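Undergrad: Structure file run-v2.pdb (PDB, C-alpha atoms, pLDDT in the B column) right here:
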```
ATOM      1  CA  GLY A 100       0.000   0.000   0.000  1.00 36.00           C
ATOM      2  CA  GLU A 101       0.963   3.614  -0.153  1.00 39.00           C
ATOM      3  CA  SER A 102       0.731   4.308   3.545  1.00 41.00           C
ATOM      4  CA  VAL A 103       2.670   2.192   5.957  1.00 38.00           C
ATOM      5  CA  GLY A 104       1.818   2.293   9.616  1.00 42.00           C
ATOM      6  CA  LEU A 105       3.530  -0.332  11.719  1.00 51.00           C
ATOM      7  CA  HIS A 106       4.492   0.748  15.203  1.00 75.00           C
ATOM      8  CA  LEU A 107       3.282   4.263  15.708  1.00 89.00           C
ATOM      9  CA  PRO A 108       5.727   6.614  17.387  1.00 93.00           C
ATOM     10  CA  THR A 109       4.488   8.081  20.637  1.00 95.00           C
ATOM     11  CA  LEU A 110       5.064  11.564  21.943  1.00 96.00           C
ATOM     12  CA  SER A 111       4.410  12.106  25.643  1.00 97.00           C
ATOM     13  CA  VAL A 112       4.217  15.673  26.875  1.00 97.00           C
ATOM     14  CA  GLN A 113       3.274  17.387  30.077  1.00 98.00           C
ATOM     15  CA  GLU A 114       0.096  19.418  30.101  1.00 98.00           C
ATOM     16  CA  GLY A 115       0.899  23.010  29.267  1.00 97.00           C
ATOM     17  CA  ASP A 116       4.059  22.206  27.315  1.00 97.00           C
ATOM     18  CA  ASN A 117       4.361  22.650  23.566  1.00 97.00           C
ATOM     19  CA  SER A 118       4.215  19.597  21.308  1.00 98.00           C
ATOM     20  CA  ILE A 119       5.935  19.079  17.980  1.00 98.00           C
ATOM     21  CA  ILE A 120       4.835  16.240  15.736  1.00 98.00           C
ATOM     22  CA  ASN A 121       6.889  15.497  12.646  1.00 96.00           C
ATOM     23  CA  CYS A 122       6.046  13.928   9.323  1.00 96.00           C
ATOM     24  CA  ALA A 123       8.064  13.055   6.242  1.00 95.00           C
ATOM     25  CA  TYR A 124       6.036  13.040   3.052  1.00 93.00           C
ATOM     26  CA  SER A 125       6.801  10.904   0.066  1.00 86.00           C
ATOM     27  CA  ASN A 126       5.881  12.643  -3.178  1.00 91.00           C
ATOM     28  CA  SER A 127       7.817  15.684  -4.308  1.00 91.00           C
ATOM     29  CA  ALA A 128       4.885  16.531  -6.598  1.00 91.00           C
ATOM     30  CA  SER A 129       2.530  16.970  -3.634  1.00 92.00           C
ATOM     31  CA  ASP A 130       1.613  20.584  -3.122  1.00 90.00           C
ATOM     32  CA  TYR A 131      -1.113  20.455  -0.523  1.00 91.00           C
ATOM     33  CA  PHE A 132      -0.803  19.068   2.987  1.00 93.00           C
ATOM     34  CA  ILE A 133      -3.263  18.504   5.790  1.00 93.00           C
ATOM     35  CA  TRP A 134      -2.980  17.511   9.430  1.00 96.00           C
ATOM     36  CA  TYR A 135      -5.676  15.370  10.997  1.00 96.00           C
ATOM     37  CA  LYS A 136      -6.434  14.388  14.571  1.00 97.00           C
ATOM     38  CA  GLN A 137      -8.080  11.063  15.300  1.00 97.00           C
ATOM     39  CA  GLU A 138      -9.510  10.306  18.708  1.00 95.00           C
ATOM     40  CA  SER A 139     -10.339   6.800  19.794  1.00 92.00           C
ATOM     41  CA  GLY A 140     -13.474   5.502  18.096  1.00 89.00           C
ATOM     42  CA  LYS A 141     -13.802   8.479  15.793  1.00 93.00           C
ATOM     43  CA  GLY A 142     -12.884   9.418  12.259  1.00 94.00           C
ATOM     44  CA  PRO A 143     -10.019  11.792  11.471  1.00 95.00           C
ATOM     45  CA  GLN A 144     -10.758  15.445  12.102  1.00 94.00           C
ATOM     46  CA  PHE A 145      -9.223  18.296  10.114  1.00 92.00           C
ATOM     47  CA  ILE A 146      -6.801  20.480  12.076  1.00 94.00           C
ATOM     48  CA  ILE A 147      -4.924  22.692   9.637  1.00 94.00           C
ATOM     49  CA  ASP A 148      -3.682  22.699   6.074  1.00 92.00           C
ATOM     50  CA  ILE A 149      -0.895  24.323   4.092  1.00 94.00           C
ATOM     51  CA  ARG A 150      -0.076  24.750   0.430  1.00 92.00           C
ATOM     52  CA  SER A 151       3.404  24.389  -0.965  1.00 93.00           C
ATOM     53  CA  ASN A 152       3.701  28.111  -1.692  1.00 94.00           C
ATOM     54  CA  MET A 153       3.858  28.684   2.055  1.00 96.00           C
ATOM     55  CA  ASP A 154       6.312  27.457   4.657  1.00 97.00           C
ATOM     56  CA  LYS A 155       4.288  28.296   7.747  1.00 98.00           C
ATOM     57  CA  ARG A 156       0.649  28.626   8.659  1.00 97.00           C
ATOM     58  CA  GLN A 157      -0.887  29.333  12.019  1.00 97.00           C
ATOM     59  CA  GLY A 158      -4.216  28.425  13.485  1.00 95.00           C
ATOM     60  CA  GLN A 159      -5.600  28.515  16.964  1.00 94.00           C
ATOM     61  CA  ARG A 160      -2.867  26.982  19.156  1.00 97.00           C
ATOM     62  CA  VAL A 161      -1.501  25.090  16.146  1.00 98.00           C
ATOM     63  CA  THR A 162       1.185  25.901  13.617  1.00 98.00           C
ATOM     64  CA  VAL A 163       2.198  23.867  10.592  1.00 98.00           C
ATOM     65  CA  LEU A 164       5.670  24.186   9.119  1.00 98.00           C
ATOM     66  CA  LEU A 165       6.596  22.916   5.677  1.00 97.00           C
ATOM     67  CA  ASN A 166      10.120  22.263   4.420  1.00 96.00           C
ATOM     68  CA  LYS A 167       9.895  21.258   0.777  1.00 94.00           C
ATOM     69  CA  THR A 168      13.643  20.813   0.430  1.00 94.00           C
ATOM     70  CA  VAL A 169      13.638  17.806   2.723  1.00 94.00           C
ATOM     71  CA  LYS A 170       9.968  16.908   2.282  1.00 94.00           C
ATOM     72  CA  HIS A 171       9.140  17.468   5.924  1.00 96.00           C
ATOM     73  CA  LEU A 172       6.089  18.727   7.763  1.00 96.00           C
ATOM     74  CA  SER A 173       5.655  19.504  11.387  1.00 97.00           C
ATOM     75  CA  LEU A 174       2.689  20.312  13.575  1.00 98.00           C
ATOM     76  CA  GLN A 175       3.257  22.428  16.623  1.00 98.00           C
ATOM     77  CA  ILE A 176       0.638  22.516  19.365  1.00 98.00           C
ATOM     78  CA  ALA A 177       1.000  25.254  21.934  1.00 98.00           C
ATOM     79  CA  ALA A 178       0.058  24.756  25.571  1.00 98.00           C
ATOM     80  CA  THR A 179      -0.920  21.131  25.044  1.00 98.00           C
ATOM     81  CA  GLN A 180      -4.075  20.050  26.843  1.00 97.00           C
ATOM     82  CA  PRO A 181      -5.383  16.611  27.841  1.00 97.00           C
ATOM     83  CA  GLY A 182      -7.999  16.920  25.098  1.00 96.00           C
ATOM     84  CA  ASP A 183      -5.181  16.984  22.559  1.00 98.00           C
ATOM     85  CA  SER A 184      -4.402  13.335  23.291  1.00 97.00           C
ATOM     86  CA  ALA A 185      -5.045  11.491  20.039  1.00 97.00           C
ATOM     87  CA  VAL A 186      -3.333  10.070  16.968  1.00 97.00           C
ATOM     88  CA  TYR A 187      -2.142  12.728  14.535  1.00 97.00           C
ATOM     89  CA  PHE A 188      -1.763  12.097  10.827  1.00 96.00           C
ATOM     90  CA  CYS A 189      -0.267  14.177   8.091  1.00 96.00           C
ATOM     91  CA  ALA A 190      -1.665  13.750   4.599  1.00 94.00           C
ATOM     92  CA  GLU A 191      -0.446  14.868   1.192  1.00 93.00           C
ATOM     93  CA  THR A 192      -2.125  15.458  -2.131  1.00 88.00           C
ATOM     94  CA  VAL A 193      -2.084  17.827  -5.042  1.00 81.00           C
ATOM     95  CA  VAL A 194      -4.272  20.917  -5.184  1.00 77.00           C
ATOM     96  CA  GLY A 195      -7.487  19.925  -6.919  1.00 76.00           C
ATOM     97  CA  GLY A 196      -6.753  16.254  -6.380  1.00 78.00           C
ATOM     98  CA  ASN A 197      -9.174  13.811  -4.855  1.00 81.00           C
ATOM     99  CA  LYS A 198      -6.966  11.341  -3.052  1.00 88.00           C
ATOM    100  CA  LEU A 199      -5.004  11.737   0.164  1.00 91.00           C
ATOM    101  CA  VAL A 200      -1.886   9.773   1.035  1.00 93.00           C
ATOM    102  CA  PHE A 201      -1.587   9.530   4.788  1.00 94.00           C
ATOM    103  CA  GLY A 202       1.488   9.241   6.928  1.00 93.00           C
ATOM    104  CA  ALA A 203       1.764   6.523   9.529  1.00 93.00           C
ATOM    105  CA  GLY A 204       0.578   8.674  12.408  1.00 95.00           C
ATOM    106  CA  THR A 205       1.927   9.729  15.783  1.00 96.00           C
ATOM    107  CA  ILE A 206       0.301   9.062  19.130  1.00 96.00           C
ATOM    108  CA  LEU A 207       0.256  12.124  21.367  1.00 97.00           C
ATOM    109  CA  ARG A 208      -0.180  11.474  25.078  1.00 97.00           C
ATOM    110  CA  VAL A 209      -0.671  14.401  27.410  1.00 97.00           C
ATOM    111  CA  LYS A 210       0.200  13.881  31.049  1.00 95.00           C
ATOM    112  CA  SER A 211      -1.656  15.915  33.628  1.00 91.00           C
TER     113      SER A 211
ATOM    114  CA  LYS B  70     -25.830  20.406   9.635  1.00 65.00           C
ATOM    115  CA  ALA B  71     -25.483  16.651   9.986  1.00 79.00           C
ATOM    116  CA  GLY B  72     -22.048  15.154   9.494  1.00 93.00           C
ATOM    117  CA  VAL B  73     -21.004  12.186   7.417  1.00 96.00           C
ATOM    118  CA  THR B  74     -23.056   9.170   8.423  1.00 97.00           C
ATOM    119  CA  GLN B  75     -21.839   5.633   8.001  1.00 98.00           C
ATOM    120  CA  THR B  76     -23.813   2.453   8.538  1.00 98.00           C
ATOM    121  CA  PRO B  77     -23.469  -0.032  10.012  1.00 98.00           C
ATOM    122  CA  ARG B  78     -20.983   1.057  12.663  1.00 97.00           C
ATOM    123  CA  TYR B  79     -19.936  -2.465  13.536  1.00 97.00           C
ATOM    124  CA  LEU B  80     -20.329  -5.766  11.773  1.00 97.00           C
ATOM    125  CA  ILE B  81     -18.930  -9.268  11.894  1.00 98.00           C
ATOM    126  CA  LYS B  82     -18.690 -11.492   8.861  1.00 98.00           C
ATOM    127  CA  THR B  83     -17.055 -14.800   8.040  1.00 98.00           C
ATOM    128  CA  ARG B  84     -14.544 -15.535   5.323  1.00 98.00           C
ATOM    129  CA  GLY B  85     -16.069 -15.838   1.901  1.00 98.00           C
ATOM    130  CA  GLN B  86     -19.058 -13.648   2.649  1.00 98.00           C
ATOM    131  CA  GLN B  87     -19.625 -10.261   1.142  1.00 98.00           C
ATOM    132  CA  VAL B  88     -20.417  -6.955   2.799  1.00 98.00           C
ATOM    133  CA  THR B  89     -21.944  -3.640   1.806  1.00 98.00           C
ATOM    134  CA  LEU B  90     -21.196  -0.448   3.698  1.00 98.00           C
ATOM    135  CA  SER B  91     -23.159   2.747   3.327  1.00 98.00           C
ATOM    136  CA  CYS B  92     -22.201   6.401   3.542  1.00 98.00           C
ATOM    137  CA  SER B  93     -24.337   9.528   3.535  1.00 98.00           C
ATOM    138  CA  PRO B  94     -22.230  12.630   2.903  1.00 96.00           C
ATOM    139  CA  ILE B  95     -22.804  16.048   4.330  1.00 95.00           C
ATOM    140  CA  SER B  96     -25.722  17.722   2.598  1.00 94.00           C
ATOM    141  CA  GLY B  97     -24.518  19.494  -0.527  1.00 91.00           C
ATOM    142  CA  HIS B  98     -21.260  17.574  -0.777  1.00 92.00           C
ATOM    143  CA  ARG B  99     -20.800  15.832  -4.092  1.00 91.00           C
ATOM    144  CA  SER B 100     -17.499  14.046  -3.561  1.00 92.00           C
ATOM    145  CA  VAL B 101     -17.305  10.889  -1.486  1.00 94.00           C
ATOM    146  CA  SER B 102     -14.152   8.925  -0.863  1.00 95.00           C
ATOM    147  CA  TRP B 103     -13.419   5.747   1.046  1.00 97.00           C
ATOM    148  CA  TYR B 104     -10.388   4.783   3.093  1.00 97.00           C
ATOM    149  CA  GLN B 105      -9.368   1.596   4.836  1.00 98.00           C
ATOM    150  CA  GLN B 106      -7.631   1.869   8.194  1.00 97.00           C
ATOM    151  CA  THR B 107      -5.707  -1.024   9.715  1.00 95.00           C
ATOM    152  CA  PRO B 108      -3.010  -1.147  12.402  1.00 90.00           C
ATOM    153  CA  GLY B 109      -0.545  -2.606   9.938  1.00 87.00           C
ATOM    154  CA  GLN B 110      -1.091  -0.429   6.873  1.00 90.00           C
ATOM    155  CA  GLY B 111      -2.543   2.737   8.344  1.00 92.00           C
ATOM    156  CA  LEU B 112      -4.982   4.783   6.296  1.00 95.00           C
ATOM    157  CA  GLN B 113      -5.161   3.776   2.657  1.00 96.00           C
ATOM    158  CA  PHE B 114      -7.222   5.278  -0.130  1.00 95.00           C
ATOM    159  CA  LEU B 115      -9.794   2.968  -1.695  1.00 97.00           C
ATOM    160  CA  PHE B 116     -11.706   5.101  -4.206  1.00 94.00           C
ATOM    161  CA  GLU B 117     -13.378   8.438  -4.783  1.00 93.00           C
ATOM    162  CA  TYR B 118     -16.644   9.340  -6.466  1.00 93.00           C
ATOM    163  CA  PHE B 119     -17.962  12.610  -7.781  1.00 91.00           C
ATOM    164  CA  SER B 120     -21.362  12.966  -9.411  1.00 90.00           C
ATOM    165  CA  GLU B 121     -21.772   9.193  -9.592  1.00 94.00           C
ATOM    166  CA  THR B 122     -18.440   8.718 -11.390  1.00 93.00           C
ATOM    167  CA  GLN B 123     -15.428   6.975  -9.924  1.00 93.00           C
ATOM    168  CA  ARG B 124     -12.544   9.349 -10.505  1.00 90.00           C
ATOM    169  CA  ASN B 125      -9.768   7.566  -8.686  1.00 90.00           C
ATOM    170  CA  LYS B 126      -9.054   4.123  -7.313  1.00 93.00           C
ATOM    171  CA  GLY B 127      -6.415   2.904  -4.897  1.00 94.00           C
ATOM    172  CA  ASN B 128      -4.334  -0.249  -5.031  1.00 94.00           C
ATOM    173  CA  PHE B 129      -6.918  -2.731  -3.873  1.00 97.00           C
ATOM    174  CA  PRO B 130      -8.089  -5.936  -5.555  1.00 97.00           C
ATOM    175  CA  GLY B 131     -11.245  -6.040  -7.625  1.00 97.00           C
ATOM    176  CA  ARG B 132     -13.120  -7.552  -4.670  1.00 98.00           C
ATOM    177  CA  PHE B 133     -13.434  -3.972  -3.452  1.00 98.00           C
ATOM    178  CA  SER B 134     -15.979  -1.941  -5.351  1.00 97.00           C
ATOM    179  CA  GLY B 135     -18.191   1.043  -4.811  1.00 97.00           C
ATOM    180  CA  ARG B 136     -20.780   3.267  -6.304  1.00 97.00           C
ATOM    181  CA  GLN B 137     -22.403   6.623  -5.790  1.00 97.00           C
ATOM    182  CA  PHE B 138     -26.049   7.451  -6.229  1.00 97.00           C
ATOM    183  CA  SER B 139     -27.654  10.576  -7.661  1.00 96.00           C
ATOM    184  CA  ASN B 140     -28.229  11.927  -4.149  1.00 95.00           C
ATOM    185  CA  SER B 141     -24.454  11.594  -3.501  1.00 95.00           C
ATOM    186  CA  ARG B 142     -24.898   8.738  -1.058  1.00 97.00           C
ATOM    187  CA  SER B 143     -22.314   6.038  -1.587  1.00 98.00           C
ATOM    188  CA  GLU B 144     -21.883   2.358  -0.927  1.00 98.00           C
ATOM    189  CA  MET B 145     -18.842   0.159  -0.986  1.00 98.00           C
ATOM    190  CA  ASN B 146     -18.860  -3.577  -1.335  1.00 98.00           C
ATOM    191  CA  VAL B 147     -16.271  -6.185  -0.486  1.00 98.00           C
ATOM    192  CA  SER B 148     -16.837  -9.648  -1.904  1.00 97.00           C
ATOM    193  CA  THR B 149     -15.278 -12.955  -0.879  1.00 98.00           C
ATOM    194  CA  LEU B 150     -14.100 -11.565   2.420  1.00 98.00           C
ATOM    195  CA  GLU B 151     -10.654 -12.461   3.730  1.00 98.00           C
ATOM    196  CA  LEU B 152      -9.312 -12.205   7.272  1.00 97.00           C
ATOM    197  CA  GLY B 153      -7.109  -9.328   6.157  1.00 97.00           C
ATOM    198  CA  ASP B 154     -10.147  -7.262   5.222  1.00 98.00           C
ATOM    199  CA  SER B 155     -10.827  -6.685   8.914  1.00 97.00           C
ATOM    200  CA  ALA B 156     -10.477  -2.947   9.266  1.00 97.00           C
ATOM    201  CA  LEU B 157     -12.141   0.353   9.961  1.00 97.00           C
ATOM    202  CA  TYR B 158     -13.655   1.631   6.717  1.00 98.00           C
ATOM    203  CA  LEU B 159     -13.907   5.382   6.645  1.00 98.00           C
ATOM    204  CA  CYS B 160     -16.006   7.479   4.345  1.00 97.00           C
ATOM    205  CA  ALA B 161     -15.250  11.134   3.754  1.00 95.00           C
ATOM    206  CA  SER B 162     -17.051  13.849   1.858  1.00 94.00           C
ATOM    207  CA  SER B 163     -15.984  17.175   0.453  1.00 90.00           C
ATOM    208  CA  PRO B 164     -17.927  19.925  -1.201  1.00 82.00           C
ATOM    209  CA  GLY B 165     -16.155  20.495  -4.439  1.00 73.00           C
ATOM    210  CA  GLN B 166     -14.450  18.823  -7.309  1.00 68.00           C
ATOM    211  CA  GLY B 167     -11.028  18.774  -5.731  1.00 67.00           C
ATOM    212  CA  LEU B 168      -9.253  19.095  -2.443  1.00 64.00           C
ATOM    213  CA  ASP B 169      -8.165  22.689  -2.329  1.00 61.00           C
ATOM    214  CA  THR B 170     -10.203  24.194   0.431  1.00 59.00           C
ATOM    215  CA  GLY B 171      -8.859  22.046   3.161  1.00 56.00           C
ATOM    216  CA  GLU B 172     -11.541  20.036   4.623  1.00 70.00           C
ATOM    217  CA  LEU B 173     -12.333  16.466   3.959  1.00 85.00           C
ATOM    218  CA  PHE B 174     -14.992  15.506   6.472  1.00 91.00           C
ATOM    219  CA  PHE B 175     -14.787  11.974   7.776  1.00 94.00           C
ATOM    220  CA  GLY B 176     -17.484   9.790   9.238  1.00 96.00           C
ATOM    221  CA  GLU B 177     -16.855   7.648  12.293  1.00 96.00           C
ATOM    222  CA  GLY B 178     -16.345   4.558  10.215  1.00 97.00           C
ATOM    223  CA  SER B 179     -17.680   1.054   9.879  1.00 98.00           C
ATOM    224  CA  ARG B 180     -15.640  -1.467  11.795  1.00 97.00           C
ATOM    225  CA  LEU B 181     -15.595  -4.773   9.968  1.00 98.00           C
ATOM    226  CA  THR B 182     -14.367  -7.957  11.617  1.00 98.00           C
ATOM    227  CA  VAL B 183     -13.882 -11.016   9.447  1.00 98.00           C
ATOM    228  CA  LEU B 184     -13.753 -14.350  11.268  1.00 97.00           C
TER     229      LEU B 184
END
```
Can the structure in the file be given as structure tokens, please?
TA:
Amino acid sequence: GESVGLHLPTLSVQEGDNSIINCAYSNSASDYFIWYKQESGKGPQFIIDIRSNMDKRQGQRVTVLLNKTVKHLSLQIAATQPGDSAVYFCAETVVGGNKLVFGAGTILRVKS
Amino acid sequence: KAGVTQTPRYLIKTRGQQVTLSCSPISGHRSVSWYQQTPGQGLQFLFEYFSETQRNKGNFPGRFSGRQFSNSRSEMNVSTLELGDSALYLCASSPGQGLDTGELFFGEGSRLTVL
């Protein structure tokens, strides 16, 4: 398959700290990237997106950074809260495309 | 506005059987796509429909098929079930013809267990 998810990496952070979740994408032709959050028993939920003509985009408590040179994305969550505990996926596609290729995912655990 | 609705939420089948999963997109959304999620392979694209036409298909065998109706509702079918088909099947809808406005809205999935 195009998305391989074996043993998901886990990031454990203390409540109130900042979290950084990293993702390497595979296709240099991809020009549109999305971060999703998936809580247990639910479908993925959109967090933030970025196009390849940008290298940074900010939302509410979240920032996405894009480094096209090394095909790397990161999601920064400020002041992490227990409700942020979930699996986070990056996804890549092309603008106007209709198919997402997902990364393997990262488990975020927030300790109170 | 109701979200993406998938039925059934849980089902158990035996090898060799077939299954049909249903998805109702968000009202007004014309694109519906399906993804398979397993612990081993993660989230993988199955297919995407827009205005009743399949526009893209992932790398799955022909046992996996789908269709979209004129009201944008979609179904996917898996025939001759195998143990490895056990997975969470996720449906997602989006408003337009392509992903450029960000949001692909996912349902909560149909969890299929094949015994």
Undergrad: Using all atoms listed in the file and a distance of at most 12 Å, pull out the residues of chain B that contact chain A, as a short mmCIF file (atom, residue, chain, number, x, y, z; two decimals) with C-alpha atoms, in the coordinates of the input.
TA:
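Produced file result_9.cif, reproduced below:
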```cif
data_model
loop_
_atom_site.label_atom_id
_atom_site.label_comp_id
_atom_site.auth_asym_id
_atom_site.auth_seq_id
_atom_site.Cartn_x
_atom_site.Cartn_y
_atom_site.Cartn_z
CA GLY B 72 -22.05 15.15 9.49
CA VAL B 73 -21.00 12.19 7.42
CA THR B 74 -23.06 9.17 8.42
CA GLN B 75 -21.84 5.63 8.00
CA ARG B 78 -20.98 1.06 12.66
CA TYR B 79 -19.94 -2.46 13.54
CA ARG B 99 -20.80 15.83 -4.09
CA SER B 100 -17.50 14.05 -3.56
CA VAL B 101 -17.30 10.89 -1.49
CA SER B 102 -14.15 8.93 -0.86
CA TRP B 103 -13.42 5.75 1.05
CA TYR B 104 -10.39 4.78 3.09
CA GLN B 105 -9.37 1.60 4.84
CA GLN B 106 -7.63 1.87 8.19
CA THR B 107 -5.71 -1.02 9.72
CA PRO B 108 -3.01 -1.15 12.40
CA GLY B 109 -0.55 -2.61 9.94
CA GLN B 110 -1.09 -0.43 6.87
CA GLY B 111 -2.54 2.74 8.34
CA LEU B 112 -4.98 4.78 6.30
CA GLN B 113 -5.16 3.78 2.66
CA PHE B 114 -7.22 5.28 -0.13
CA LEU B 115 -9.79 2.97 -1.70
CA PHE B 116 -11.71 5.10 -4.21
CA GLU B 117 -13.38 8.44 -4.78
CA TYR B 118 -16.64 9.34 -6.47
CA PHE B 119 -17.96 12.61 -7.78
CA GLN B 123 -15.43 6.98 -9.92
CA ARG B 124 -12.54 9.35 -10.50
CA ASN B 125 -9.77 7.57 -8.69
CA LYS B 126 -9.05 4.12 -7.31
CA GLY B 127 -6.42 2.90 -4.90
CA ASN B 128 -4.33 -0.25 -5.03
CA PHE B 129 -6.92 -2.73 -3.87
CA PRO B 130 -8.09 -5.94 -5.56
CA LEU B 157 -12.14 0.35 9.96
CA TYR B 158 -13.66 1.63 6.72
CA LEU B 159 -13.91 5.38 6.64
CA CYS B 160 -16.01 7.48 4.34
CA ALA B 161 -15.25 11.13 3.75
CA SER B 162 -17.05 13.85 1.86
CA SER B 163 -15.98 17.18 0.45
CA PRO B 164 -17.93 19.92 -1.20
CA GLY B 165 -16.16 20.50 -4.44
CA GLN B 166 -14.45 18.82 -7.31
CA GLY B 167 -11.03 18.77 -5.73
CA LEU B 168 -9.25 19.10 -2.44
CA ASP B 169 -8.16 22.69 -2.33
CA THR B 170 -10.20 24.19 0.43
CA GLY B 171 -8.86 22.05 3.16
CA GLU B 172 -11.54 20.04 4.62
CA LEU B 173 -12.33 16.47 3.96
CA PHE B 174 -14.99 15.51 6.47
CA PHE B 175 -14.79 11.97 7.78
CA GLY B 176 -17.48 9.79 9.24
CA GLU B 177 -16.86 7.65 12.29
CA GLY B 178 -16.34 4.56 10.22
CA SER B 179 -17.68 1.05 9.88
CA ARG B 180 -15.64 -1.47 11.80
#
```
Undergrad: Given 5 Å on each side, where is the centre and what are the edge lengths in Å to one decimal of the axis-aligned box enclosing the listed atoms of region 159-174 of chain A, as lines of an AutoDock Vina configuration file?
TA:
```
center_x = 4.0
center_y = 22.7
center_z = 9.8
size_x = 29.2
size_y = 21.6
size_z = 28.7
```
Undergrad: Please measure the separation of CA of Ile176 (chain A) and CA of Asn121 (chain A), giving the value in Å to one decimal.
TA: 11.6 Å
Undergrad: Report, in Å with one decimal, the straight-line distance from CA of Phe138 (chain B) to CA of Gly85 (chain B).
TA: 26.6 Å
Undergrad: Residues near Thr76 (chain B), anyone? I mean within 7 Å using only C-alpha atoms, not counting same-chain ones fewer than 6 positions away, as a list of chain:residue names.
TA: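 The neighbour list is B:Leu90, B:Ser91, B:Cys92, B:Ser179.
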Undergrad: Fewer than 6 positions away in the same chain doesn't count, so skip those; otherwise give me all residues within 9 Å of Leu174 (chain A), counting only C-alpha atoms, as a PyMOL selection string.
TA: chain A and resi 118-122+134+147+161-164+189
Undergrad: Show me, as a list in words, the residues that have an atom within 6 Å of region 180-187 of chain A when counting all atoms listed in the file, minus same-chain residues fewer than 3 positions from it.
TA: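 Final neighbour list, sorted by chain and number: Glu114, Tyr135, Lys136, Gln137, Glu138, Gly204, Thr205, Ile206, Leu207, Arg208 and Val209 of chain A.
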Undergrad: Considering all atoms listed in the file, state which residue in the set B:Val88, B:Leu80, B:Arg136, B:Ser155 is at the smallest distance from Ser120 (chain B).
TA: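 Comparing B:Val88, B:Leu80, B:Arg136, B:Ser155 against Ser120 (chain B), the winner is B:Arg136.
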Undergrad: Restricting the calculation to all atoms listed in the file: of A:Asp130, A:Arg156, A:Ala123, A:Glu191, which residue gets closest to Gln175 (chain A)?
TA: A:Arg156
Undergrad: What does the distance between CA of Ser129 (chain A) and CA of Lys170 (chain A) come to in Å, to one decimal place?
TA: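 Calculated distance between CA of Ser129 (chain A) and CA of Lys170 (chain A) is 9.5 Å.
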Undergrad: I'd like the contact shell of Thr168 (chain A) - 10 Å cut-off, all atoms listed in the file, skipping same-chain residues fewer than 3 positions apart - returned as a ChimeraX atom specification.
TA: /A:127,165,171
Undergrad: Using all atoms listed in the file for the distances, tell me which of B:Ser96, B:Val183, B:Thr89, B:Glu151 is nearest to Ser134 (chain B).
TA: B:Thr89
Undergrad: Pick the closest to Glu144 (chain B) from B:Leu184, B:Gly131, B:Gln86, B:Ser93: which is it, counting only C-alpha atoms?
TA: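 Among B:Leu184, B:Gly131, B:Gln86, B:Ser93, it is B:Ser93 that comes nearest to Glu144 (chain B).
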